[in-house]
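Colleague: The structure follows.
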Amino acid sequence: MRMTTTENLRNKSLQIRMDLLRLIHGAKMGHTGGSLSNTDVLTALYYRVMRHDPLNPKWPDRDRFIASKGHSVESLWCILADLGYFPKEELSTFCQFGTRLIGHPNNKVPGIEMNTGALGHGLSVSVGMALAARKDSRPTRVFCLMGDGEQAEGSVWEAAMAGAHYKLDNLVGIIDRNRLQISGSTEDVMGIDPLDKKWEAFGWNVVSIDGHDYDQLVHTFESAPQVAGKPTLVIANTIKGKGVSFAENVPEWHHHVPNDAELQRAIDELTAALTNQAEGSVPTHANHS
């Protein structure tokens, strides 16, 4: 299901946003704002950039994706189901007793590489995976999605040092830079700017992009590594709650569960956006393979 146009990717992201909202509404729990903000990053990776096979999830040469910000798993569950890693019907069990689809990534589900949720662990494991792939002479790239609030974890910076020390240019770190965390603005809770300069000082090639622009997302991910011998850090500037007007940049939507009226309003907005795109208001082009 490799999508070659930005229009197709945008349309898919709108569908995934509707799916994750229904998922959270049905379960009466979840992390809404962060899942909406990272949907475009995940859509670009899974439907265009990464080498992976839902029919062969353990394919040795596959690329790896690690959701270090594991609490925002809803978009990931919806994408894996859409791609056929598990039946879509299973989404209705999200966060129910006995389900595999818990509120964080669970490696008992095909397509999940590691259990995550304790913030700060994902990049360390990603460093190990990238190093192992290089020692095995495999073409694997490792993509690790972190939150911006997660940058306050010391283990992130230990992993950053290791990634640069071992010159892991098959490693791509991604920060979902939506500037909000559960208790408010990242800069009020624990300031992390200038984020680009800090990662550059740790030896990484740093690229800052619009995390909702598919041309930028695809170009940046497909061109990594841009510098031989350096891991890449992508600062994806995003909007928390993206796609739902009344949830955008609202801290309370970090884990707010939409009620019936809010769900319907959000679905109506996303459906209208999908209809507008289908009417051809935005020209697209095929991206290189």
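To be explicit about the labels: the chains of the structure tokens are called A, B, and onward in the order shown, and within each one the residues are counted from 1, while ligands get numbers from 1 in the order they are shown.
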Could you pull out the residues in segment 113-238 of chain A that DSSP calls strand (DSSP E or B) from the backbone, as a list in words?
Modeller: Val142, Phe143, Cys144, Leu145, Met146, Gly147, Leu171, Val172, Gly173, Ile174, Ile175, Asp176, Arg177, Leu180, Gln181, Gly184, Ser185, Asn205, Val206, Val207, Ser208, Ile209, Asp210, Thr232, Leu233, Val234, Ile235, Ala236 and Asn237 of chain A
Colleague: Quick one: everything within 12 Å of Val244 of chain A, counting only C-alpha atoms, minus sequence neighbours fewer than 6 positions away in the same chain. Send it as a PDB file with N, CA and C atoms, in the first residue's frame.
Modeller:
```
ATOM      1  N   LEU A  14      -6.512  11.787   7.127  1.00  0.00           N
ATOM      2  CA  LEU A  14      -7.840  12.200   7.581  1.00  0.00           C
ATOM      3  C   LEU A  14      -8.655  10.987   8.024  1.00  0.00           C
ATOM      4  N   ARG A  17      -7.289   9.811  11.378  1.00  0.00           N
ATOM      5  CA  ARG A  17      -7.746  10.680  12.466  1.00  0.00           C
ATOM      6  C   ARG A  17      -9.181  10.342  12.882  1.00  0.00           C
ATOM      7  N   MET A  18     -10.045  10.091  11.911  1.00  0.00           N
ATOM      8  CA  MET A  18     -11.412   9.701  12.255  1.00  0.00           C
ATOM      9  C   MET A  18     -11.425   8.373  13.001  1.00  0.00           C
ATOM     10  N   LEU A  21     -10.202   8.789  16.665  1.00  0.00           N
ATOM     11  CA  LEU A  21     -11.192   9.462  17.501  1.00  0.00           C
ATOM     12  C   LEU A  21     -12.310   8.498  17.900  1.00  0.00           C
ATOM     13  N   THR A  32      -5.609  11.791  23.108  1.00  0.00           N
ATOM     14  CA  THR A  32      -6.165  12.315  21.860  1.00  0.00           C
ATOM     15  C   THR A  32      -5.240  13.317  21.182  1.00  0.00           C
ATOM     16  N   GLY A  33      -4.812  14.343  21.918  1.00  0.00           N
ATOM     17  CA  GLY A  33      -4.052  15.426  21.300  1.00  0.00           C
ATOM     18  C   GLY A  33      -2.766  14.983  20.646  1.00  0.00           C
ATOM     19  N   SER A  35      -1.900  11.918  19.674  1.00  0.00           N
ATOM     20  CA  SER A  35      -2.131  11.010  18.547  1.00  0.00           C
ATOM     21  C   SER A  35      -2.503  11.787  17.287  1.00  0.00           C
ATOM     22  N   LEU A  36      -3.293  12.848  17.464  1.00  0.00           N
ATOM     23  CA  LEU A  36      -3.643  13.683  16.318  1.00  0.00           C
ATOM     24  C   LEU A  36      -2.421  14.428  15.786  1.00  0.00           C
ATOM     25  N   SER A  37      -1.516  14.823  16.667  1.00  0.00           N
ATOM     26  CA  SER A  37      -0.346  15.578  16.203  1.00  0.00           C
ATOM     27  C   SER A  37       0.664  14.694  15.486  1.00  0.00           C
ATOM     28  N   VAL A 250      -4.884  22.939  22.591  1.00  0.00           N
ATOM     29  CA  VAL A 250      -5.607  22.984  23.867  1.00  0.00           C
ATOM     30  C   VAL A 250      -5.012  21.909  24.785  1.00  0.00           C
ATOM     31  N   TRP A 253      -6.762  18.612  25.939  1.00  0.00           N
ATOM     32  CA  TRP A 253      -7.016  17.509  25.011  1.00  0.00           C
ATOM     33  C   TRP A 253      -5.869  16.495  24.984  1.00  0.00           C
ATOM     34  N   PRO A 258     -13.422  12.581  23.682  1.00  0.00           N
ATOM     35  CA  PRO A 258     -14.549  13.322  23.110  1.00  0.00           C
ATOM     36  C   PRO A 258     -15.881  12.693  23.496  1.00  0.00           C
ATOM     37  N   GLU A 262     -18.926  16.081  20.608  1.00  0.00           N
ATOM     38  CA  GLU A 262     -17.584  16.446  20.141  1.00  0.00           C
ATOM     39  C   GLU A 262     -17.093  15.491  19.072  1.00  0.00           C
ATOM     40  N   LEU A 263     -17.377  14.207  19.248  1.00  0.00           N
ATOM     41  CA  LEU A 263     -16.978  13.240  18.230  1.00  0.00           C
ATOM     42  C   LEU A 263     -17.648  13.553  16.904  1.00  0.00           C
ATOM     43  N   GLN A 264     -18.948  13.798  16.923  1.00  0.00           N
ATOM     44  CA  GLN A 264     -19.658  14.079  15.679  1.00  0.00           C
ATOM     45  C   GLN A 264     -19.146  15.348  15.015  1.00  0.00           C
ATOM     46  N   ARG A 265     -18.880  16.380  15.824  1.00  0.00           N
ATOM     47  CA  ARG A 265     -18.356  17.629  15.274  1.00  0.00           C
ATOM     48  C   ARG A 265     -16.989  17.407  14.626  1.00  0.00           C
ATOM     49  N   ALA A 266     -16.137  16.630  15.306  1.00  0.00           N
ATOM     50  CA  ALA A 266     -14.801  16.345  14.764  1.00  0.00           C
ATOM     51  C   ALA A 266     -14.892  15.534  13.474  1.00  0.00           C
ATOM     52  N   ILE A 267     -15.756  14.514  13.453  1.00  0.00           N
ATOM     53  CA  ILE A 267     -15.921  13.699  12.246  1.00  0.00           C
ATOM     54  C   ILE A 267     -16.430  14.552  11.103  1.00  0.00           C
ATOM     55  N   ASP A 268     -17.354  15.463  11.396  1.00  0.00           N
ATOM     56  CA  ASP A 268     -17.885  16.353  10.351  1.00  0.00           C
ATOM     57  C   ASP A 268     -16.777  17.229   9.769  1.00  0.00           C
ATOM     58  N   GLU A 269     -15.898  17.756  10.630  1.00  0.00           N
ATOM     59  CA  GLU A 269     -14.795  18.596  10.148  1.00  0.00           C
ATOM     60  C   GLU A 269     -13.843  17.793   9.261  1.00  0.00           C
ATOM     61  N   LEU A 270     -13.482  16.602   9.707  1.00  0.00           N
ATOM     62  CA  LEU A 270     -12.544  15.775   8.949  1.00  0.00           C
ATOM     63  C   LEU A 270     -13.165  15.280   7.649  1.00  0.00           C
ATOM     64  N   THR A 271     -14.451  14.973   7.679  1.00  0.00           N
ATOM     65  CA  THR A 271     -15.140  14.547   6.456  1.00  0.00           C
ATOM     66  C   THR A 271     -15.187  15.682   5.454  1.00  0.00           C
ATOM     67  N   ALA A 272     -15.439  16.896   5.927  1.00  0.00           N
ATOM     68  CA  ALA A 272     -15.449  18.058   5.042  1.00  0.00           C
ATOM     69  C   ALA A 272     -14.079  18.286   4.419  1.00  0.00           C
ATOM     70  N   ALA A 273     -13.020  18.111   5.219  1.00  0.00           N
ATOM     71  CA  ALA A 273     -11.660  18.262   4.690  1.00  0.00           C
ATOM     72  C   ALA A 273     -11.371  17.200   3.638  1.00  0.00           C
TER      73      ALA A 273
END
```
Colleague: Using only C-alpha atoms for the distances, tell me which of A:Cys95, A:Gly117, A:His25, A:Pro105 is nearest to Ala261 of chain A.
Modeller: A:His25
Colleague: Work out how far apart atom CA of Val257 of chain A and atom CA of Asp213 of chain A are and give it in Å to one decimal.
Modeller: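 Between these atoms lies a distance of 26.6 Å.
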Colleague: Near segment 230-232 of chain A, counting only C-alpha atoms, which residues have an atom at most 8 Å away, once you skip same-chain residues fewer than 5 positions from it, shown as an NGL selection string?
Modeller: :A and (163-164 or 167-173 or 203-207 or 224-225)
Colleague: Show me a table, sorted first by chain and then by increasing residue number, of the residues of segment 114-217 of chain A having an atom at most 9 Å from segment 56-73 of chain A, each with its shortest atom pair and the distance in Å to one decimal, counting only C-alpha atoms and written as CSV.
Modeller:
```
residue,atom,partner,partner_atom,distance
A:Met114,CA,A:Ile66,CA,7.0
A:Asn115,CA,A:Gly70,CA,8.0
A:Thr116,CA,A:Gly70,CA,5.1
A:Gly117,CA,A:Gly70,CA,4.3
A:Ala118,CA,A:Gly70,CA,7.6
A:Leu119,CA,A:Lys69,CA,6.3
A:Gly120,CA,A:Ser68,CA,6.9
A:His121,CA,A:Ser68,CA,6.6
A:Gly122,CA,A:Ser68,CA,4.3
A:Leu123,CA,A:Ser68,CA,6.9
A:Val125,CA,A:Ile66,CA,8.4
A:Ser126,CA,A:Ile66,CA,7.0
A:Met129,CA,A:Arg64,CA,8.1
A:Ala130,CA,A:Arg64,CA,8.9
A:Ala133,CA,A:Asp61,CA,8.6
A:Arg138,CA,A:Asp61,CA,6.1
A:Pro139,CA,A:Asp61,CA,6.2
A:Thr140,CA,A:Asp63,CA,4.8
A:Arg141,CA,A:Asp63,CA,4.9
A:Val142,CA,A:Arg64,CA,4.7
A:Phe143,CA,A:Phe65,CA,4.8
A:Cys144,CA,A:Ile66,CA,4.7
A:Leu145,CA,A:Ala67,CA,5.1
A:Met146,CA,A:Lys69,CA,5.0
A:Gly147,CA,A:Lys69,CA,5.4
A:Glu150,CA,A:Lys69,CA,7.4
A:Asp176,CA,A:Lys69,CA,8.9
```
Colleague: What's around segment 182-189 of chain A at 9 Å? Count only C-alpha atoms, leave out sequence neighbours fewer than 6 positions away in its own chain, and write the answer as a list in words.
Modeller: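 Answer for this query is Asp148, Gly149, Pro251, Glu252, Trp253, His254 and His255 of chain A.
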Colleague: May I have a table of the residues of segment 67-135 of chain A lying at most 9 Å from segment 38-51 of chain A, giving each one's closest pair of atoms and their distance in Å to one decimal, counting only C-alpha atoms, ordered by chain and ascending residue number, as JSON lines?
Modeller:
```
{"residue": "A:Ser72", "atom": "CA", "partner": "A:Asn38", "partner_atom": "CA", "distance": 8.1}
{"residue": "A:Ser75", "atom": "CA", "partner": "A:Thr39", "partner_atom": "CA", "distance": 5.9}
{"residue": "A:Leu76", "atom": "CA", "partner": "A:Leu42", "partner_atom": "CA", "distance": 7.2}
{"residue": "A:Ile79", "atom": "CA", "partner": "A:Thr43", "partner_atom": "CA", "distance": 7.6}
{"residue": "A:Leu80", "atom": "CA", "partner": "A:Tyr46", "partner_atom": "CA", "distance": 8.6}
{"residue": "A:Leu83", "atom": "CA", "partner": "A:Tyr47", "partner_atom": "CA", "distance": 8.6}
```
Colleague: If you keep all heavy atoms, can you produce a file of those selected residues as a PDB file, in the first residue's frame?
Modeller:
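Written output follows (result_16.pdb):
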```
ATOM      1  N   SER A  72       0.825   7.854  23.011  1.00  0.00           N
ATOM      2  CA  SER A  72       0.041   8.297  21.847  1.00  0.00           C
ATOM      3  C   SER A  72      -0.063   7.167  20.827  1.00  0.00           C
ATOM      4  O   SER A  72       0.280   7.325  19.654  1.00  0.00           O
ATOM      5  CB  SER A  72       0.676   9.541  21.219  1.00  0.00           C
ATOM      6  OG  SER A  72       0.655  10.622  22.121  1.00  0.00           O
ATOM      7  N   SER A  75      -3.077   6.369  17.056  1.00  0.00           N
ATOM      8  CA  SER A  75      -2.838   6.504  15.618  1.00  0.00           C
ATOM      9  C   SER A  75      -2.082   5.292  15.081  1.00  0.00           C
ATOM     10  O   SER A  75      -2.354   4.819  13.972  1.00  0.00           O
ATOM     11  CB  SER A  75      -2.055   7.790  15.320  1.00  0.00           C
ATOM     12  OG  SER A  75      -0.945   7.921  16.187  1.00  0.00           O
ATOM     13  N   LEU A  76      -1.146   4.767  15.870  1.00  0.00           N
ATOM     14  CA  LEU A  76      -0.373   3.597  15.451  1.00  0.00           C
ATOM     15  C   LEU A  76      -1.266   2.364  15.345  1.00  0.00           C
ATOM     16  O   LEU A  76      -1.181   1.611  14.367  1.00  0.00           O
ATOM     17  CB  LEU A  76       0.772   3.354  16.424  1.00  0.00           C
ATOM     18  CG  LEU A  76       1.688   2.155  16.129  1.00  0.00           C
ATOM     19  CD1 LEU A  76       2.297   2.260  14.735  1.00  0.00           C
ATOM     20  CD2 LEU A  76       2.770   2.045  17.198  1.00  0.00           C
ATOM     21  N   ILE A  79      -3.328   2.624  12.157  1.00  0.00           N
ATOM     22  CA  ILE A  79      -2.541   2.415  10.942  1.00  0.00           C
ATOM     23  C   ILE A  79      -2.190   0.942  10.765  1.00  0.00           C
ATOM     24  O   ILE A  79      -2.319   0.394   9.659  1.00  0.00           O
ATOM     25  CB  ILE A  79      -1.274   3.292  10.981  1.00  0.00           C
ATOM     26  CG1 ILE A  79      -1.657   4.761  10.715  1.00  0.00           C
ATOM     27  CG2 ILE A  79      -0.236   2.813   9.967  1.00  0.00           C
ATOM     28  CD1 ILE A  79      -0.521   5.745  10.916  1.00  0.00           C
ATOM     29  N   LEU A  80      -1.753   0.274  11.829  1.00  0.00           N
ATOM     30  CA  LEU A  80      -1.409  -1.147  11.711  1.00  0.00           C
ATOM     31  C   LEU A  80      -2.624  -1.970  11.308  1.00  0.00           C
ATOM     32  O   LEU A  80      -2.520  -2.898  10.488  1.00  0.00           O
ATOM     33  CB  LEU A  80      -0.830  -1.654  13.033  1.00  0.00           C
ATOM     34  CG  LEU A  80       0.538  -1.095  13.436  1.00  0.00           C
ATOM     35  CD1 LEU A  80       0.969  -1.667  14.781  1.00  0.00           C
ATOM     36  CD2 LEU A  80       1.600  -1.366  12.375  1.00  0.00           C
ATOM     37  N   LEU A  83      -3.383  -1.412   7.618  1.00  0.00           N
ATOM     38  CA  LEU A  83      -2.414  -2.077   6.739  1.00  0.00           C
ATOM     39  C   LEU A  83      -2.526  -3.600   6.777  1.00  0.00           C
ATOM     40  O   LEU A  83      -1.899  -4.279   5.964  1.00  0.00           O
ATOM     41  CB  LEU A  83      -0.995  -1.663   7.127  1.00  0.00           C
ATOM     42  CG  LEU A  83      -0.610  -0.219   6.775  1.00  0.00           C
ATOM     43  CD1 LEU A  83       0.684   0.174   7.468  1.00  0.00           C
ATOM     44  CD2 LEU A  83      -0.486  -0.053   5.263  1.00  0.00           C
TER      45      LEU A  83
END
```
Colleague: Looking only at the backbone, which of the residues in segment 36-105 of chain A does DSSP tag as alpha helix (DSSP H), as a PyMOL selection string?
Modeller: chain A and resi 36-44+74-83
Colleague: Output N, CA, C and O atoms of each residue in that selection to a file, as a PDB file, in the first residue's frame.
Modeller:
```pdb
ATOM      1  N   LEU A  36      -3.293  12.848  17.464  1.00  0.00           N
ATOM      2  CA  LEU A  36      -3.643  13.683  16.318  1.00  0.00           C
ATOM      3  C   LEU A  36      -2.421  14.428  15.786  1.00  0.00           C
ATOM      4  O   LEU A  36      -2.279  14.620  14.574  1.00  0.00           O
ATOM      5  N   SER A  37      -1.516  14.823  16.667  1.00  0.00           N
ATOM      6  CA  SER A  37      -0.346  15.578  16.203  1.00  0.00           C
ATOM      7  C   SER A  37       0.664  14.694  15.486  1.00  0.00           C
ATOM      8  O   SER A  37       1.382  15.155  14.594  1.00  0.00           O
ATOM      9  N   ASN A  38       0.740  13.412  15.846  1.00  0.00           N
ATOM     10  CA  ASN A  38       1.755  12.557  15.206  1.00  0.00           C
ATOM     11  C   ASN A  38       1.225  11.752  14.022  1.00  0.00           C
ATOM     12  O   ASN A  38       1.979  11.004  13.394  1.00  0.00           O
ATOM     13  N   THR A  39      -0.049  11.910  13.689  1.00  0.00           N
ATOM     14  CA  THR A  39      -0.650  11.101  12.630  1.00  0.00           C
ATOM     15  C   THR A  39       0.039  11.291  11.289  1.00  0.00           C
ATOM     16  O   THR A  39       0.265  10.326  10.548  1.00  0.00           O
ATOM     17  N   ASP A  40       0.415  12.513  10.949  1.00  0.00           N
ATOM     18  CA  ASP A  40       1.039  12.747   9.645  1.00  0.00           C
ATOM     19  C   ASP A  40       2.435  12.131   9.575  1.00  0.00           C
ATOM     20  O   ASP A  40       2.831  11.590   8.531  1.00  0.00           O
ATOM     21  N   VAL A  41       3.181  12.196  10.668  1.00  0.00           N
ATOM     22  CA  VAL A  41       4.499  11.555  10.706  1.00  0.00           C
ATOM     23  C   VAL A  41       4.359  10.053  10.459  1.00  0.00           C
ATOM     24  O   VAL A  41       5.068   9.465   9.626  1.00  0.00           O
ATOM     25  N   LEU A  42       3.435   9.416  11.171  1.00  0.00           N
ATOM     26  CA  LEU A  42       3.252   7.971  11.037  1.00  0.00           C
ATOM     27  C   LEU A  42       2.724   7.596   9.655  1.00  0.00           C
ATOM     28  O   LEU A  42       3.141   6.588   9.080  1.00  0.00           O
ATOM     29  N   THR A  43       1.832   8.407   9.121  1.00  0.00           N
ATOM     30  CA  THR A  43       1.285   8.123   7.790  1.00  0.00           C
ATOM     31  C   THR A  43       2.380   8.169   6.737  1.00  0.00           C
ATOM     32  O   THR A  43       2.462   7.302   5.865  1.00  0.00           O
ATOM     33  N   ALA A  44       3.235   9.191   6.801  1.00  0.00           N
ATOM     34  CA  ALA A  44       4.342   9.286   5.844  1.00  0.00           C
ATOM     35  C   ALA A  44       5.271   8.081   5.955  1.00  0.00           C
ATOM     36  O   ALA A  44       5.701   7.509   4.941  1.00  0.00           O
ATOM     37  N   GLU A  74      -2.759   5.479  19.754  1.00  0.00           N
ATOM     38  CA  GLU A  74      -4.017   5.260  19.022  1.00  0.00           C
ATOM     39  C   GLU A  74      -3.838   5.390  17.506  1.00  0.00           C
ATOM     40  O   GLU A  74      -4.382   4.586  16.740  1.00  0.00           O
ATOM     41  N   SER A  75      -3.077   6.369  17.056  1.00  0.00           N
ATOM     42  CA  SER A  75      -2.838   6.504  15.618  1.00  0.00           C
ATOM     43  C   SER A  75      -2.082   5.292  15.081  1.00  0.00           C
ATOM     44  O   SER A  75      -2.354   4.819  13.972  1.00  0.00           O
ATOM     45  N   LEU A  76      -1.146   4.767  15.870  1.00  0.00           N
ATOM     46  CA  LEU A  76      -0.373   3.597  15.451  1.00  0.00           C
ATOM     47  C   LEU A  76      -1.266   2.364  15.345  1.00  0.00           C
ATOM     48  O   LEU A  76      -1.181   1.611  14.367  1.00  0.00           O
ATOM     49  N   TRP A  77      -2.137   2.137  16.336  1.00  0.00           N
ATOM     50  CA  TRP A  77      -3.049   0.985  16.241  1.00  0.00           C
ATOM     51  C   TRP A  77      -3.913   1.079  14.985  1.00  0.00           C
ATOM     52  O   TRP A  77      -4.106   0.083  14.284  1.00  0.00           O
ATOM     53  N   CYS A  78      -4.427   2.262  14.706  1.00  0.00           N
ATOM     54  CA  CYS A  78      -5.316   2.415  13.544  1.00  0.00           C
ATOM     55  C   CYS A  78      -4.569   2.178  12.236  1.00  0.00           C
ATOM     56  O   CYS A  78      -5.113   1.576  11.301  1.00  0.00           O
ATOM     57  N   ILE A  79      -3.328   2.624  12.157  1.00  0.00           N
ATOM     58  CA  ILE A  79      -2.541   2.415  10.942  1.00  0.00           C
ATOM     59  C   ILE A  79      -2.190   0.942  10.765  1.00  0.00           C
ATOM     60  O   ILE A  79      -2.319   0.394   9.659  1.00  0.00           O
ATOM     61  N   LEU A  80      -1.753   0.274  11.829  1.00  0.00           N
ATOM     62  CA  LEU A  80      -1.409  -1.147  11.711  1.00  0.00           C
ATOM     63  C   LEU A  80      -2.624  -1.970  11.308  1.00  0.00           C
ATOM     64  O   LEU A  80      -2.520  -2.898  10.488  1.00  0.00           O
ATOM     65  N   ALA A  81      -3.791  -1.645  11.848  1.00  0.00           N
ATOM     66  CA  ALA A  81      -5.009  -2.362  11.462  1.00  0.00           C
ATOM     67  C   ALA A  81      -5.352  -2.093  10.007  1.00  0.00           C
ATOM     68  O   ALA A  81      -5.713  -3.007   9.249  1.00  0.00           O
ATOM     69  N   ASP A  82      -5.231  -0.844   9.591  1.00  0.00           N
ATOM     70  CA  ASP A  82      -5.545  -0.479   8.211  1.00  0.00           C
ATOM     71  C   ASP A  82      -4.634  -1.199   7.217  1.00  0.00           C
ATOM     72  O   ASP A  82      -5.056  -1.571   6.125  1.00  0.00           O
ATOM     73  N   LEU A  83      -3.383  -1.412   7.618  1.00  0.00           N
ATOM     74  CA  LEU A  83      -2.414  -2.077   6.739  1.00  0.00           C
ATOM     75  C   LEU A  83      -2.526  -3.600   6.777  1.00  0.00           C
ATOM     76  O   LEU A  83      -1.899  -4.279   5.964  1.00  0.00           O
TER      77      LEU A  83
END
```
Colleague: With distances taken over only C-alpha atoms, which of A:Ile112, A:Ile102, A:Ala236, A:Ile175 is nearest to Gly211 of chain A?
Modeller: A:Ala236
Colleague: Quick check, in Å to one decimal: how far apart do atom CA of Ile24 of chain A and atom CA of Phe94 of chain A lie?
Modeller: 8.1 Å
Colleague: Please, what distance in Å, to one decimal, runs between atom CA of Ser124 of chain A and atom CA of Ser208 of chain A?
Modeller: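 For atom CA of Ser124 of chain A relative to atom CA of Ser208 of chain A, the distance reads 21.8 Å.
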